[in-house]
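Structure file query-v8.cif; described as mmCIF, C-alpha atoms.
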```cif
data_target
#
loop_
_atom_site.label_atom_id
_atom_site.label_comp_id
_atom_site.auth_asym_id
_atom_site.auth_seq_id
_atom_site.Cartn_x
_atom_site.Cartn_y
_atom_site.Cartn_z
CA MET A 911 12.34 96.68 73.13
CA LYS A 912 12.39 100.48 73.04
CA LYS A 913 15.24 100.50 75.61
CA VAL A 914 17.20 97.94 73.54
CA SER A 915 16.64 100.02 70.38
CA MET A 916 17.82 103.19 72.13
CA ILE A 917 20.95 101.43 73.43
CA LEU A 918 21.79 100.11 69.96
CA LEU A 919 21.26 103.56 68.46
CA MET A 920 23.58 105.14 71.02
CA VAL A 921 26.27 102.49 70.38
CA LEU A 922 26.07 103.13 66.63
CA LEU A 923 26.27 106.89 67.12
CA LEU A 924 29.26 106.58 69.46
CA SER A 925 31.00 104.16 67.05
CA GLY A 926 30.46 106.59 64.22
CA MET A 927 31.87 109.45 66.27
CA VAL A 928 34.97 107.41 67.20
CA PHE A 929 35.51 106.36 63.58
CA ALA A 930 35.09 109.93 62.37
CA ALA A 931 37.49 111.20 65.02
CA GLY A 932 40.05 108.54 64.06
CA THR A 933 39.72 109.42 60.39
CA LYS A 934 40.16 113.13 61.10
CA GLU A 935 43.18 112.38 63.31
CA ALA A 936 44.79 110.25 60.60
CA ALA A 937 44.11 112.91 58.00
CA ALA A 938 45.51 115.58 60.27
CA ALA A 939 48.64 113.51 60.78
CA GLY A 940 49.33 113.70 57.04
CA PRO A 941 52.29 111.96 55.38
CA GLN A 942 54.65 110.07 57.65
CA VAL A 943 58.44 110.08 57.43
CA LEU A 944 60.30 106.81 56.89
CA LYS A 945 63.81 107.12 58.28
CA VAL A 946 66.14 104.85 56.25
CA MET A 947 69.78 104.00 56.99
CA LEU A 948 72.00 102.84 54.12
CA SER A 949 75.58 101.61 54.32
CA GLU A 950 76.90 103.38 51.22
CA GLU A 951 76.14 106.51 49.23
CA PRO A 952 73.52 105.57 46.63
CA SER A 953 73.92 106.65 43.01
CA SER A 954 71.07 108.24 41.05
CA GLU A 955 70.46 104.77 39.57
CA ASP A 956 70.41 102.93 42.89
CA ALA A 957 67.67 100.29 42.72
CA LEU A 958 66.60 100.37 46.39
CA LEU A 959 66.55 104.16 46.66
CA ASN A 960 64.48 104.50 43.49
CA THR A 961 62.09 101.84 44.74
CA LEU A 962 61.72 103.69 48.03
CA LYS A 963 61.00 106.90 46.10
CA LYS A 964 58.30 105.15 44.06
CA TRP A 965 56.67 103.85 47.25
CA ALA A 966 56.79 107.35 48.80
CA ALA A 967 55.19 108.87 45.70
CA GLU A 968 52.42 106.25 45.68
CA THR A 969 51.64 106.48 49.40
CA GLY A 970 52.23 110.19 50.01
CA ASN A 971 54.88 109.45 52.64
CA THR A 972 58.34 111.01 52.67
CA LEU A 973 61.86 109.66 53.09
CA ASP A 974 64.70 110.67 55.39
CA VAL A 975 67.78 108.83 54.10
CA MET A 976 71.01 108.72 56.09
CA VAL A 977 74.23 107.05 54.94
CA ILE A 978 76.50 105.50 57.57
CA PRO A 979 79.34 103.32 56.22
CA TYR A 980 79.16 99.72 57.34
CA GLU A 981 82.20 99.78 59.63
CA ASP A 982 80.86 102.93 61.33
CA GLN A 983 77.47 101.26 61.80
CA LEU A 984 79.07 98.69 64.08
CA THR A 985 79.86 101.37 66.66
CA LYS A 986 77.11 103.91 65.94
CA PHE A 987 74.13 101.56 65.92
CA PRO A 988 74.34 100.63 69.64
CA LEU A 989 74.67 104.35 70.48
CA MET A 990 71.60 105.12 68.38
CA ALA A 991 69.72 102.38 70.22
CA ARG A 992 70.71 103.78 73.64
CA ASN A 993 69.71 107.30 72.59
CA ASN A 994 66.40 106.11 71.13
CA ASP A 995 67.39 107.61 67.77
CA LEU A 996 67.04 104.58 65.54
CA PRO A 997 66.16 104.45 61.84
CA ASP A 998 62.85 102.84 60.89
CA LEU A 999 64.44 100.70 58.19
CA LEU A 1000 68.03 99.77 57.44
CA THR A 1001 70.16 97.61 55.18
CA THR A 1002 72.60 95.38 57.02
CA THR A 1003 74.79 92.31 56.78
CA ARG A 1004 75.74 91.76 60.43
CA LEU A 1005 73.95 94.21 62.76
CA SER A 1006 71.00 91.89 63.21
CA ARG A 1007 73.32 89.09 64.40
CA LEU A 1008 75.34 91.34 66.68
CA TYR A 1009 72.24 92.95 68.22
CA PRO A 1010 69.34 90.56 67.57
CA ASP A 1011 67.24 91.91 70.44
CA GLU A 1012 67.12 95.33 68.76
CA PHE A 1013 65.20 94.00 65.72
CA LEU A 1014 61.66 92.89 65.06
CA ASP A 1015 61.15 89.22 64.20
CA MET A 1016 60.21 89.33 60.52
CA ALA A 1017 58.64 85.87 60.74
CA GLN A 1018 55.83 87.52 62.71
CA TYR A 1019 54.95 89.63 59.67
CA PHE A 1020 55.97 87.55 56.65
CA ASP A 1021 55.62 84.02 55.34
CA MET A 1022 59.30 83.15 55.04
CA SER A 1023 58.58 80.46 52.43
CA ILE A 1024 58.24 83.20 49.79
CA PHE A 1025 62.03 83.63 49.92
CA GLU A 1026 64.84 81.48 48.50
CA PRO A 1027 65.60 79.00 51.34
CA MET A 1028 69.38 79.47 51.25
CA ALA A 1029 69.00 83.26 51.18
CA VAL A 1030 67.09 82.91 54.45
CA GLU A 1031 69.61 80.39 55.81
CA ILE A 1032 72.70 82.48 55.08
CA ILE A 1033 71.52 86.11 55.20
CA VAL A 1034 68.55 86.11 57.57
CA GLN A 1035 69.03 83.39 60.15
CA ASP A 1036 70.03 84.39 63.66
CA TYR A 1037 72.33 81.46 64.42
CA LYS A 1038 71.66 81.68 68.16
CA SER A 1039 67.89 81.30 67.82
CA SER A 1040 65.11 80.73 65.30
CA LYS A 1041 64.43 84.46 65.05
CA LYS A 1042 64.40 86.03 61.57
CA SER A 1043 65.67 89.54 62.28
CA ILE A 1044 65.89 90.75 58.67
CA LEU A 1045 64.53 89.95 55.21
CA PRO A 1046 66.86 89.14 52.29
CA GLN A 1047 67.20 92.14 49.99
CA GLN A 1048 69.99 91.34 47.57
CA PHE A 1049 72.73 88.79 47.33
CA THR A 1050 75.61 87.65 45.19
CA ILE A 1051 76.71 84.12 44.40
CA THR A 1052 80.05 82.61 43.46
CA ASN A 1053 80.15 81.42 39.87
CA VAL A 1054 82.41 80.48 36.96
CA TYR A 1055 82.98 82.59 33.83
CA TYR A 1056 84.46 81.19 30.63
CA ASN A 1057 86.03 82.46 27.42
CA LYS A 1058 83.81 81.13 24.62
CA ASP A 1059 86.38 81.90 21.91
CA ALA A 1060 89.07 79.96 23.78
CA PHE A 1061 86.67 77.04 24.23
CA ALA A 1062 85.98 77.04 20.48
CA ARG A 1063 89.70 77.08 19.63
CA ALA A 1064 90.33 74.16 21.98
CA GLY A 1065 87.27 72.24 20.76
CA ILE A 1066 85.64 72.25 24.21
CA THR A 1067 81.88 72.14 24.76
CA ALA A 1068 80.81 74.10 27.83
CA PRO A 1069 79.00 72.27 30.64
CA THR A 1070 75.30 72.89 31.23
CA ILE A 1071 73.03 73.19 34.26
CA GLU A 1072 71.80 69.67 33.56
CA LYS A 1073 75.31 68.28 32.97
CA PRO A 1074 77.99 70.14 34.94
CA TRP A 1075 81.65 69.11 34.83
CA THR A 1076 83.31 67.03 37.49
CA LEU A 1077 86.50 68.38 39.05
CA ASP A 1078 88.45 65.89 36.94
CA GLU A 1079 86.82 67.24 33.77
CA LEU A 1080 87.57 70.78 34.89
CA GLU A 1081 91.26 69.93 35.29
CA LYS A 1082 91.46 68.14 31.93
CA ASN A 1083 89.85 71.03 30.07
CA ALA A 1084 91.88 73.71 31.86
CA ILE A 1085 95.04 71.96 30.64
CA LEU A 1086 93.59 71.74 27.13
CA LEU A 1087 92.73 75.45 27.15
CA LYS A 1088 96.30 76.37 28.03
CA GLU A 1089 97.62 74.10 25.27
CA LYS A 1090 95.17 74.87 22.46
CA GLY A 1091 92.83 77.67 23.53
CA GLY A 1092 95.17 80.57 22.83
CA VAL A 1093 95.13 81.74 26.46
CA LYS A 1094 98.00 82.19 28.89
CA TYR A 1095 96.22 80.44 31.75
CA GLY A 1096 93.72 77.62 31.55
CA MET A 1097 92.08 78.79 34.77
CA ALA A 1098 92.26 81.57 37.35
CA MET A 1099 90.62 82.11 40.70
CA ASP A 1100 90.16 85.17 42.90
CA ALA A 1101 92.67 85.27 45.74
CA SER A 1102 89.84 84.68 48.17
CA ARG A 1103 89.41 81.78 50.57
CA ALA A 1104 85.69 81.81 49.65
CA ARG A 1105 86.55 80.87 46.09
CA TYR A 1106 88.86 78.09 47.23
CA ASP A 1107 86.33 76.93 49.81
CA ASN A 1108 83.92 75.97 47.04
CA MET A 1109 86.40 73.24 46.09
CA MET A 1110 86.55 72.15 49.73
CA TYR A 1111 82.75 71.90 50.05
CA ALA A 1112 82.43 70.16 46.68
CA ASN A 1113 84.85 67.51 47.96
CA GLY A 1114 82.77 66.95 51.09
CA GLY A 1115 84.93 69.02 53.45
CA SER A 1116 84.23 71.85 55.88
CA MET A 1117 85.92 74.19 58.35
CA VAL A 1118 84.15 72.76 61.38
CA GLU A 1119 81.65 70.06 62.26
CA LYS A 1120 78.74 70.44 64.64
CA ASP A 1121 79.25 68.80 68.05
CA GLY A 1122 76.11 69.26 70.11
CA ALA A 1123 75.93 72.91 71.10
CA SER A 1124 79.57 73.42 70.08
CA PHE A 1125 81.86 72.59 67.15
CA ASP A 1126 84.90 70.50 66.31
CA VAL A 1127 87.67 71.86 64.09
CA ALA A 1128 87.69 69.85 60.84
CA ILE A 1129 89.76 72.00 58.47
CA ASN A 1130 92.60 69.46 58.48
CA SER A 1131 90.46 66.48 57.46
CA PRO A 1132 91.95 64.02 54.92
CA GLN A 1133 89.58 65.28 52.21
CA ASN A 1134 90.56 68.90 52.89
CA ILE A 1135 94.26 68.08 52.70
CA ALA A 1136 93.63 66.28 49.39
CA THR A 1137 91.72 69.32 48.10
CA LEU A 1138 94.54 71.71 48.98
CA GLN A 1139 97.10 69.39 47.38
CA ARG A 1140 95.07 69.33 44.18
CA PHE A 1141 94.83 73.12 44.28
CA ILE A 1142 98.62 73.36 44.64
CA ASP A 1143 98.99 71.13 41.59
CA TRP A 1144 96.58 73.28 39.59
CA ASN A 1145 98.56 76.40 40.44
CA ASN A 1146 101.72 74.71 39.20
CA LYS A 1147 100.11 73.44 35.99
CA PHE A 1148 97.71 76.01 34.53
CA MET A 1149 96.88 78.84 36.96
CA PRO A 1150 98.66 82.20 37.53
CA LYS A 1151 100.49 80.91 40.59
CA ALA A 1152 101.77 84.32 41.70
CA ILE A 1153 98.23 85.40 42.64
CA TRP A 1154 97.73 82.67 45.24
CA ALA A 1155 101.40 82.44 46.24
CA GLY A 1156 101.38 86.13 47.12
CA GLY A 1157 103.84 87.17 44.43
CA THR A 1158 101.55 89.82 42.92
CA THR A 1159 98.59 92.00 43.81
CA ASP A 1160 97.14 91.67 40.30
CA ASN A 1161 93.40 91.16 40.02
CA PRO A 1162 92.66 87.97 38.04
CA ALA A 1163 89.47 89.65 36.80
CA ASP A 1164 91.76 91.83 34.66
CA TYR A 1165 93.41 88.71 33.27
CA PHE A 1166 90.01 87.41 32.22
CA LYS A 1167 88.94 90.75 30.72
CA ASN A 1168 92.17 90.80 28.69
CA GLY A 1169 91.43 87.37 27.24
CA ASP A 1170 94.34 85.69 29.05
CA VAL A 1171 92.22 83.18 31.02
CA GLY A 1172 89.98 80.37 29.80
CA ILE A 1173 88.01 79.68 33.00
CA TYR A 1174 87.62 82.20 35.82
CA PHE A 1175 86.23 81.48 39.31
CA SER A 1176 84.73 84.63 40.77
CA GLY A 1177 81.19 85.82 41.46
CA SER A 1178 78.04 87.44 40.12
CA TRP A 1179 79.23 90.88 41.29
CA ASN A 1180 81.54 90.99 38.25
CA TYR A 1181 78.84 90.31 35.67
CA ASN A 1182 77.78 93.86 34.85
CA SER A 1183 81.32 95.19 34.56
CA PHE A 1184 82.23 92.30 32.24
CA TYR A 1185 79.13 92.99 30.16
CA ASN A 1186 80.12 96.64 29.76
CA GLN A 1187 83.88 96.18 29.34
CA ILE A 1188 84.61 92.95 27.45
CA LYS A 1189 84.29 93.65 23.74
CA ASN A 1190 87.20 91.71 22.21
CA PHE A 1191 85.92 88.14 22.75
CA LYS A 1192 82.76 86.21 23.54
CA TRP A 1193 82.26 85.00 27.08
CA GLY A 1194 79.59 83.44 29.24
CA VAL A 1195 78.67 81.85 32.57
CA MET A 1196 78.99 78.12 33.17
CA PRO A 1197 77.77 76.06 36.14
CA SER A 1198 80.22 75.28 38.93
CA PRO A 1199 81.93 71.87 38.76
CA VAL A 1200 80.92 69.10 41.14
CA GLY A 1201 82.89 66.73 43.33
CA LYS A 1202 81.02 64.65 45.89
CA SER A 1203 78.44 67.40 45.60
CA ALA A 1204 77.97 70.80 44.02
CA SER A 1205 78.90 73.96 45.91
CA ALA A 1206 78.39 77.71 45.72
CA ILE A 1207 78.81 80.42 48.34
CA LEU A 1208 76.15 83.05 48.87
CA GLY A 1209 76.46 86.39 50.60
CA GLY A 1210 74.36 89.50 50.78
CA SER A 1211 72.42 91.96 52.84
CA GLY A 1212 68.94 92.27 54.25
CA LEU A 1213 66.38 94.82 55.35
CA GLY A 1214 65.69 95.12 59.04
CA VAL A 1215 63.32 97.09 61.29
CA PRO A 1216 64.52 98.09 64.78
CA ALA A 1217 61.98 97.10 67.43
CA ASN A 1218 62.10 100.56 69.03
CA ALA A 1219 61.95 102.57 65.80
CA LYS A 1220 59.49 105.46 65.86
CA ASN A 1221 57.75 104.47 62.63
CA LYS A 1222 58.31 100.72 62.65
CA ASP A 1223 54.74 100.10 61.43
CA LEU A 1224 55.44 102.31 58.42
CA ALA A 1225 58.61 100.30 57.71
CA ILE A 1226 56.63 97.05 57.81
CA SER A 1227 54.09 98.61 55.46
CA PHE A 1228 56.86 99.45 52.99
CA LEU A 1229 58.31 95.93 53.20
CA LYS A 1230 54.93 94.33 52.50
CA TRP A 1231 54.63 96.59 49.46
CA PHE A 1232 58.23 95.89 48.40
CA TYR A 1233 57.97 92.10 48.51
CA THR A 1234 54.93 91.83 46.27
CA LYS A 1235 55.94 90.10 43.04
CA GLU A 1236 55.12 93.13 40.89
CA ASN A 1237 57.14 95.64 42.92
CA PHE A 1238 60.03 93.28 43.61
CA GLN A 1239 60.23 92.45 39.88
CA GLU A 1240 60.57 96.15 39.09
CA TYR A 1241 63.26 96.53 41.76
CA LEU A 1242 65.13 93.50 40.45
CA ASN A 1243 65.10 94.77 36.87
CA ARG A 1244 66.70 97.98 38.17
CA ASP A 1245 69.16 96.11 40.38
CA LYS A 1246 70.14 93.55 37.69
CA GLY A 1247 70.88 91.11 40.49
CA LEU A 1248 69.79 87.73 41.75
CA SER A 1249 66.38 87.23 43.27
CA SER A 1250 65.69 86.35 46.90
CA LEU A 1251 61.97 86.03 46.13
CA VAL A 1252 60.80 82.66 44.83
CA GLY A 1253 59.19 82.90 41.39
CA VAL A 1254 60.74 86.25 40.49
CA THR A 1255 63.91 86.57 38.39
CA TYR A 1256 65.71 89.36 36.61
CA SER A 1257 64.28 89.61 33.09
CA PRO A 1258 66.88 91.12 30.74
CA LEU A 1259 66.01 91.82 27.12
CA ASP A 1260 69.36 90.46 25.87
CA ALA A 1261 68.87 86.72 25.18
CA GLN A 1262 72.46 85.84 26.12
CA VAL A 1263 72.25 87.75 29.40
CA ASP A 1264 69.00 85.95 30.11
CA GLU A 1265 70.74 82.59 29.62
CA ASP A 1266 73.64 83.65 31.84
CA TYR A 1267 71.30 84.72 34.63
CA LYS A 1268 69.52 81.37 34.52
CA VAL A 1269 72.89 79.76 35.27
CA LEU A 1270 73.62 82.30 38.03
CA GLN A 1271 70.23 81.76 39.66
CA SER A 1272 70.69 77.98 39.46
CA GLU A 1273 73.86 78.28 41.56
CA VAL A 1274 71.76 79.36 44.55
CA GLY A 1275 70.55 75.80 44.99
CA LYS A 1276 74.16 74.59 45.30
CA VAL A 1277 74.86 76.39 48.59
CA THR A 1278 75.66 73.60 51.05
CA TYR A 1279 74.59 73.16 54.65
CA ALA A 1280 78.26 72.54 55.47
CA PHE A 1281 78.86 76.19 54.50
CA SER A 1282 75.88 77.22 56.63
CA THR A 1283 77.30 75.28 59.59
CA ASP A 1284 80.68 76.94 59.13
CA GLU A 1285 79.02 80.36 59.04
CA SER A 1286 77.00 79.58 62.17
CA SER A 1287 80.22 78.81 64.07
CA MET A 1288 81.50 82.33 63.29
CA TRP A 1289 85.03 80.91 63.23
CA ARG A 1290 86.29 84.14 61.67
CA ASN A 1291 85.85 85.81 65.06
CA PHE A 1292 88.96 83.86 66.09
CA TYR A 1293 91.05 83.79 62.90
CA ASP A 1294 90.51 84.81 59.29
CA ASN A 1295 93.49 86.07 57.31
CA GLU A 1296 95.62 83.37 58.92
CA TYR A 1297 93.66 80.75 56.98
CA ARG A 1298 94.39 82.49 53.68
CA ASP A 1299 98.04 82.83 54.72
CA ALA A 1300 98.27 79.08 55.37
CA MET A 1301 97.05 78.33 51.85
CA LYS A 1302 99.40 80.96 50.41
CA GLN A 1303 102.38 79.24 52.06
CA ALA A 1304 101.23 75.87 50.72
CA VAL A 1305 100.81 77.15 47.14
CA ASN A 1306 104.21 78.86 47.35
CA GLY A 1307 105.82 75.59 48.45
CA ASP A 1308 106.84 76.78 51.90
CA LEU A 1309 104.59 74.23 53.63
CA THR A 1310 103.03 70.95 52.59
CA ALA A 1311 99.24 70.86 52.31
CA ALA A 1312 99.05 68.69 55.43
CA LYS A 1313 101.28 70.93 57.57
CA ALA A 1314 99.52 74.12 56.45
CA LEU A 1315 96.10 72.82 57.46
CA ASN A 1316 97.26 70.96 60.57
CA ASP A 1317 99.00 74.08 61.87
CA PHE A 1318 95.97 76.29 61.22
CA ALA A 1319 93.63 73.71 62.78
CA ALA A 1320 95.75 73.74 65.95
CA LEU A 1321 95.65 77.55 66.08
CA LEU A 1322 91.87 77.66 65.62
CA SER A 1323 91.30 74.92 68.19
CA LYS A 1324 93.42 76.66 70.82
CA LYS A 1325 91.80 80.07 70.38
CA SER A 1326 88.20 78.88 70.00
CA GLY A 1327 88.33 76.14 72.62
CA TRP A 1328 86.89 73.65 70.12
CA ASP A 1329 88.27 70.13 69.97
CA LEU A 1330 90.25 68.90 66.98
CA LYS A 1331 88.26 66.41 64.93
CA TYR A 1332 91.37 65.04 63.16
#
```
Would you encode the structure as structure tokens?
Amino acid sequence: MKKVSMILLMVLLLSGMVFAAGTKEAAAAGPQVLKVMLSEEPSSEDALLNTLKKWAAETGNTLDVMVIPYEDQLTKFPLMARNNDLPDLLTTTRLSRLYPDEFLDMAQYFDMSIFEPMAVEIIVQDYKSSKKSILPQQFTITNVYYNKDAFARAGITAPTIEKPWTLDELEKNAILLKEKGGVKYGMAMDASRARYDNMMYANGGSMVEKDGASFDVAINSPQNIATLQRFIDWNNKFMPKAIWAGGTTDNPADYFKNGDVGIYFSGSWNYNSFYNQIKNFKWGVMPSPVGKSASAILGGSGLGVPANAKNKDLAISFLKWFYTKENFQEYLNRDKGLSSLVGVTYSPLDAQVDEDYKVLQSEVGKVTYAFSTDESSMWRNFYDNEYRDAMKQAVNGDLTAAKALNDFAALLSKKSGWDLKY
């Protein structure tokens, strides 16, 4: 018994010495440096930078922030990886998909169910595997703005989240706005294929369709041709045709700000500038119209941790702090954006802004899996502007809707090696 007691005593003493040595070593190490790479120069009001500063102040750690523009990141990141000179934390939209092996799998550290499912699907997912190489930080969503004064003049009641318009109702009311709403155009849309694509997805169409481990080109489906024909008709009836026909470089956002447009298809990125700049009429956010389904397009960036980063554990520690509801709420109120964290939303004091953001946040649930499938195909690696050019020619009357989409489908099929579905 005495021998057992002596052995236990020695083990306890040794354990205490090891613990004390570890504590002294940690104390001697002092504050650690978190090396952060951003893609654009942050302003003094930047939400992420200020959140990082708060974390550093609370934990006693310090920040080393570098700014490398996104396009430069594409070439510099692999060099940094080869030279073992990686940041500990970075914001990215594509690096994690281009170099997935260079990033930690966030699913090993986080319960991914705390995030908005479509934010994970579109921003986080590595389409070649189940790996989650980043966490969603911020995102924007396509949405529809409307001129409340024009609606009142035309006697139109705006749609609601519970009762959105159909595409037929949208067309009818856009015509009515041009006739009675005191606006030059019943509707306008950014000259972006992403804005048009919402109509395609709402009508049940897509760019491609999954075919086992590959894809089939489906852009020239009958429903897509019908969608483009309807869009051509809209441009001829109540939209500023020159924008989509390529006759002007005007920004339709300016048309809306000037009060010349009744309904404007754009995205949440315009909200704050509209809030600060539009003073001559009342405006708001309305839910997107529905066809066979509803549709919205989501895009954004995430936070990633390189697997070979010097202080990757410190980066994970920051992320666990960041994605608590309390800290993420504070970040979101600074950012004035949409939330990727379930159960947390931007909480503005202005009642009207609060109502608008409820509509914006509700659009997240409209992102379709057809859009996700299209994104996973990475069809833009083969062609991109050519698709927009095909629609431009159709709107301008140079090509029929069918020929424009059939010709582009043939181009995409030939370059990608995917079969034509139609």
task = For Thr1001 of chain A, list every protein, DNA or RNA residue within 10 Å, evaluated using all atoms listed in the file, and leave out those in the same chain fewer than 2 positions away; present the list as an MDAnalysis selection string.
result = chainID A and resid 946:950 958 980 999 1003:1006 1044:1048 1211:1215
task = Find the distance between atom CA of Tyr1256 of chain A and atom CA of Gln1239 of chain A and write it in Å to one decimal.
result =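 Distance reported for this atom pair: 7.1 Å.
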ask   = So which one's closest to Tyr1293 of chain A, A:Ser1039, A:Ser1323, A:Thr1002, A:Thr972? Using all atoms listed in the file, please.
value = A:Ser1323
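Evaluated against the shown file, the PyMOL selection byres ((chain A and resi 1273) around 8) gives Ile1051, Thr1052, Asn1053, Pro1197, Ser1198, Ser1205, Ala1206, Val1269, Leu1270, Gln1271, Ser1272, Val1274, Gly1275, Lys1276 and Val1277 of chain A.
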request  = Using only C-alpha atoms, find the one residue out of A:Ser1249, A:Trp1144, A:Asp1223, A:Asn1083 that sits nearest to Lys1235 of chain A.
outcome  =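 Of all the options, A:Ser1249 lies closest to Lys1235 of chain A.
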Rebuild segment 1185-1208 of chain A so that it carries N, CA and C atoms, then output the result as a PDB file, keeping the file's coordinate frame.
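Written output follows (selection.pdb):
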```pdb
ATOM      1  N   TYR A1185      80.063  92.714  31.256  1.00  0.00           N
ATOM      2  CA  TYR A1185      79.130  92.990  30.160  1.00  0.00           C
ATOM      3  C   TYR A1185      79.463  94.327  29.485  1.00  0.00           C
ATOM      4  N   ASN A1186      79.835  95.304  30.301  1.00  0.00           N
ATOM      5  CA  ASN A1186      80.120  96.640  29.760  1.00  0.00           C
ATOM      6  C   ASN A1186      81.535  96.774  29.200  1.00  0.00           C
ATOM      7  N   GLN A1187      82.474  95.956  29.685  1.00  0.00           N
ATOM      8  CA  GLN A1187      83.880  96.180  29.340  1.00  0.00           C
ATOM      9  C   GLN A1187      84.476  95.186  28.353  1.00  0.00           C
ATOM     10  N   ILE A1188      83.995  93.948  28.338  1.00  0.00           N
ATOM     11  CA  ILE A1188      84.610  92.950  27.450  1.00  0.00           C
ATOM     12  C   ILE A1188      83.994  93.033  26.063  1.00  0.00           C
ATOM     13  N   LYS A1189      84.777  93.484  25.114  1.00  0.00           N
ATOM     14  CA  LYS A1189      84.290  93.650  23.740  1.00  0.00           C
ATOM     15  C   LYS A1189      85.128  92.861  22.728  1.00  0.00           C
ATOM     16  N   ASN A1190      86.281  92.331  23.175  1.00  0.00           N
ATOM     17  CA  ASN A1190      87.200  91.710  22.210  1.00  0.00           C
ATOM     18  C   ASN A1190      87.071  90.190  22.104  1.00  0.00           C
ATOM     19  N   PHE A1191      86.181  89.586  22.895  1.00  0.00           N
ATOM     20  CA  PHE A1191      85.920  88.140  22.750  1.00  0.00           C
ATOM     21  C   PHE A1191      84.558  87.811  23.364  1.00  0.00           C
ATOM     22  N   LYS A1192      84.043  86.657  22.995  1.00  0.00           N
ATOM     23  CA  LYS A1192      82.760  86.210  23.540  1.00  0.00           C
ATOM     24  C   LYS A1192      83.014  85.445  24.842  1.00  0.00           C
ATOM     25  N   TRP A1193      82.122  85.642  25.790  1.00  0.00           N
ATOM     26  CA  TRP A1193      82.260  85.000  27.080  1.00  0.00           C
ATOM     27  C   TRP A1193      80.883  84.626  27.619  1.00  0.00           C
ATOM     28  N   GLY A1194      80.857  83.829  28.657  1.00  0.00           N
ATOM     29  CA  GLY A1194      79.590  83.440  29.240  1.00  0.00           C
ATOM     30  C   GLY A1194      79.761  82.921  30.658  1.00  0.00           C
ATOM     31  N   VAL A1195      78.680  82.404  31.214  1.00  0.00           N
ATOM     32  CA  VAL A1195      78.670  81.850  32.570  1.00  0.00           C
ATOM     33  C   VAL A1195      78.399  80.356  32.468  1.00  0.00           C
ATOM     34  N   MET A1196      79.197  79.565  33.157  1.00  0.00           N
ATOM     35  CA  MET A1196      78.990  78.120  33.170  1.00  0.00           C
ATOM     36  C   MET A1196      78.740  77.651  34.596  1.00  0.00           C
ATOM     37  N   PRO A1197      78.031  76.542  34.777  1.00  0.00           N
ATOM     38  CA  PRO A1197      77.770  76.060  36.140  1.00  0.00           C
ATOM     39  C   PRO A1197      79.049  75.594  36.833  1.00  0.00           C
ATOM     40  N   SER A1198      79.060  75.705  38.148  1.00  0.00           N
ATOM     41  CA  SER A1198      80.220  75.280  38.930  1.00  0.00           C
ATOM     42  C   SER A1198      80.409  73.769  38.808  1.00  0.00           C
ATOM     43  N   PRO A1199      81.663  73.315  38.832  1.00  0.00           N
ATOM     44  CA  PRO A1199      81.930  71.870  38.760  1.00  0.00           C
ATOM     45  C   PRO A1199      81.493  71.174  40.049  1.00  0.00           C
ATOM     46  N   VAL A1200      81.357  69.869  39.966  1.00  0.00           N
ATOM     47  CA  VAL A1200      80.920  69.100  41.140  1.00  0.00           C
ATOM     48  C   VAL A1200      81.966  68.061  41.522  1.00  0.00           C
ATOM     49  N   GLY A1201      82.063  67.807  42.809  1.00  0.00           N
ATOM     50  CA  GLY A1201      82.890  66.730  43.330  1.00  0.00           C
ATOM     51  C   GLY A1201      81.959  65.687  43.908  1.00  0.00           C
ATOM     52  N   LYS A1202      82.016  65.500  45.237  1.00  0.00           N
ATOM     53  CA  LYS A1202      81.020  64.650  45.890  1.00  0.00           C
ATOM     54  C   LYS A1202      79.656  65.307  45.853  1.00  0.00           C
ATOM     55  N   SER A1203      79.677  66.629  45.715  1.00  0.00           N
ATOM     56  CA  SER A1203      78.440  67.400  45.600  1.00  0.00           C
ATOM     57  C   SER A1203      78.762  68.666  44.821  1.00  0.00           C
ATOM     58  N   ALA A1204      77.760  69.484  44.609  1.00  0.00           N
ATOM     59  CA  ALA A1204      77.970  70.800  44.020  1.00  0.00           C
ATOM     60  C   ALA A1204      78.152  71.804  45.168  1.00  0.00           C
ATOM     61  N   SER A1205      78.726  72.956  44.864  1.00  0.00           N
ATOM     62  CA  SER A1205      78.900  73.960  45.910  1.00  0.00           C
ATOM     63  C   SER A1205      78.914  75.362  45.312  1.00  0.00           C
ATOM     64  N   ALA A1206      78.290  76.280  46.023  1.00  0.00           N
ATOM     65  CA  ALA A1206      78.390  77.710  45.720  1.00  0.00           C
ATOM     66  C   ALA A1206      78.313  78.431  47.061  1.00  0.00           C
ATOM     67  N   ILE A1207      78.824  79.641  47.099  1.00  0.00           N
ATOM     68  CA  ILE A1207      78.810  80.420  48.340  1.00  0.00           C
ATOM     69  C   ILE A1207      78.010  81.688  48.118  1.00  0.00           C
ATOM     70  N   LEU A1208      77.068  81.918  48.987  1.00  0.00           N
ATOM     71  CA  LEU A1208      76.150  83.050  48.870  1.00  0.00           C
ATOM     72  C   LEU A1208      76.441  84.066  49.960  1.00  0.00           C
TER      73      LEU A1208
END
```
